[in-house]
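A.B. asks: File coords_2.pdb follows (PDB, C-alpha atoms):
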ATOM      1  CA  MET O 249       0.000   0.000   0.000  1.00  0.00           C
ATOM      2  CA  ASN O 250       1.366   3.406  -0.788  1.00  0.00           C
ATOM      3  CA  GLU O 251       2.125   6.038   1.831  1.00  0.00           C
ATOM      4  CA  ASN O 252      -0.883   8.246   0.985  1.00  0.00           C
ATOM      5  CA  VAL O 253      -3.309   5.368   1.470  1.00  0.00           C
ATOM      6  CA  GLU O 254      -1.708   4.506   4.823  1.00  0.00           C
ATOM      7  CA  LYS O 255      -2.054   8.128   5.983  1.00  0.00           C
ATOM      8  CA  LEU O 256      -5.667   8.210   4.855  1.00  0.00           C
ATOM      9  CA  LYS O 257      -6.450   4.914   6.620  1.00  0.00           C
ATOM     10  CA  SER O 258      -4.917   6.298   9.813  1.00  0.00           C
ATOM     11  CA  SER O 259      -6.998   9.472   9.587  1.00  0.00           C
ATOM     12  CA  LEU O 260     -10.157   7.485   8.882  1.00  0.00           C
ATOM     13  CA  SER O 261      -9.474   5.247  11.864  1.00  0.00           C
ATOM     14  CA  GLU O 262      -9.289   8.296  14.128  1.00  0.00           C
ATOM     15  CA  LEU O 263     -12.448   9.721  12.566  1.00  0.00           C
ATOM     16  CA  ASN O 264     -14.265   6.396  13.054  1.00  0.00           C
ATOM     17  CA  GLN O 265     -13.318   6.422  16.741  1.00  0.00           C
ATOM     18  CA  ASN O 266     -14.696   9.940  17.125  1.00  0.00           C
ATOM     19  CA  LEU O 267     -17.903   9.031  15.301  1.00  0.00           C
ATOM     20  CA  GLY O 268     -18.429   5.842  17.290  1.00  0.00           C
ATOM     21  CA  GLY O 269     -21.225   7.296  19.414  1.00  0.00           C
ATOM     22  CA  VAL O 270     -22.909   8.964  16.459  1.00  0.00           C
ATOM     23  CA  THR O 271     -23.166   6.236  13.828  1.00  0.00           C
ATOM     24  CA  PRO O 272     -22.544   2.495  13.610  1.00  0.00           C
ATOM     25  CA  TYR O 273     -21.003   2.908  10.137  1.00  0.00           C
ATOM     26  CA  LYS O 274     -17.250   2.951   9.505  1.00  0.00           C
ATOM     27  CA  LEU O 275     -15.272   4.682   6.768  1.00  0.00           C
ATOM     28  CA  ASP O 276     -12.410   2.938   4.987  1.00  0.00           C
ATOM     29  CA  VAL O 277     -10.345   2.989   1.820  1.00  0.00           C
ATOM     30  CA  VAL O 278     -10.751  -0.013  -0.447  1.00  0.00           C
ATOM     31  CA  ASN O 279      -9.711  -1.056  -3.912  1.00  0.00           C
ATOM     32  CA  PRO O 280     -12.814  -1.042  -6.149  1.00  0.00           C
ATOM     33  CA  ASN O 281     -11.527  -4.182  -7.859  1.00  0.00           C
ATOM     34  CA  ASP O 282     -11.940  -6.077  -4.564  1.00  0.00           C
ATOM     35  CA  PHE O 283     -15.738  -5.692  -4.593  1.00  0.00           C
ATOM     36  CA  LYS O 284     -18.033  -8.524  -5.552  1.00  0.00           C
ATOM     37  CA  LEU O 285     -21.325  -7.081  -6.776  1.00  0.00           C
ATOM     38  CA  ALA O 286     -24.543  -8.573  -5.493  1.00  0.00           C
ATOM     39  CA  THR O 287     -27.246  -9.563  -7.966  1.00  0.00           C
ATOM     40  CA  LYS O 288     -29.691  -7.237  -6.196  1.00  0.00           C
ATOM     41  CA  ASN O 289     -28.419  -4.564  -3.861  1.00  0.00           C
ATOM     42  CA  ALA O 290     -29.145  -1.176  -2.319  1.00  0.00           C
ATOM     43  CA  ARG O 291     -28.819   0.510  -5.695  1.00  0.00           C
ATOM     44  CA  TYR O 292     -31.900  -1.317  -6.966  1.00  0.00           C
ATOM     45  CA  MET O 293     -35.244   0.440  -7.206  1.00  0.00           C
ATOM     46  CA  ASP O 294     -38.129   0.181  -9.609  1.00  0.00           C
ATOM     47  CA  ASN O 295     -38.486   2.740 -12.421  1.00  0.00           C
ATOM     48  CA  SER O 296     -41.330   4.682 -10.825  1.00  0.00           C
ATOM     49  CA  THR O 297     -39.370   5.179  -7.592  1.00  0.00           C
ATOM     50  CA  PHE O 298     -36.231   6.195  -9.484  1.00  0.00           C
ATOM     51  CA  ASN O 299     -38.175   8.662 -11.615  1.00  0.00           C
ATOM     52  CA  ARG O 300     -39.892  10.185  -8.600  1.00  0.00           C
ATOM     53  CA  LEU O 301     -36.580  10.660  -6.753  1.00  0.00           C
ATOM     54  CA  THR O 302     -34.722  12.104  -9.725  1.00  0.00           C
ATOM     55  CA  LYS O 303     -37.460  14.320 -11.185  1.00  0.00           C
ATOM     56  CA  ILE O 304     -36.303  17.936 -11.210  1.00  0.00           C
TER      57      ILE O 304
END
Translate the structure of the given file into structure tokens.
C.D. replies:
Amino acid sequence: MNENVEKLKSSLSELNQNLGGVTPYKLDVVNPNDFKLATKNARYMDNSTFNRLTKI
């Protein structure tokens, strides 16, 4: 891992500790190539919902 990523991971670790009482979610740096996409995930919504949320 390069030095910039290590510094960022360290900063995110400190931020996660400070946010511990606020949210259960954690921030991290990951390689996008390490992801395995699910067949149906949080990005899924039917067309009518998508259109309603994106209508300007």
A.B. asks: Here is a test: counting all atoms listed in the file, which residue of O:Phe298, O:Asp282, O:Val270, O:Val277 is nearest to Ser258 of chain O?
C.D. replies: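 Using all atoms listed in the file, the shortest distance to Ser258 of chain O belongs to O:Val277.
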A.B. asks: Just to confirm, what's the straight-line distance from atom CA of Lys255 of chain O to atom CA of Val278 of chain O in Å (one decimal)?
C.D. replies: 13.5 Å
A.B. asks: Could you tell me how far atom CA of Ser259 of chain O sits from atom CA of Asn279 of chain O, in Å to one decimal place?
C.D. replies: 17.3 Å
A.B. asks: Rounded to one decimal in Å, what is the spacing between atom CA of Glu251 of chain O and atom CA of Pro272 of chain O?
C.D. replies: 27.6 Å
A.B. asks: Box for segment 256-259 of chain O: with edges along x, y and z, all listed atoms inside and 6 Å added on each side, what are the centre and edge lengths in Å to one decimal, as JSON?
C.D. replies:
{"center_x": -6.0, "center_y": 7.2, "center_z": 7.3, "size_x": 14.1, "size_y": 16.6, "size_z": 17.0}
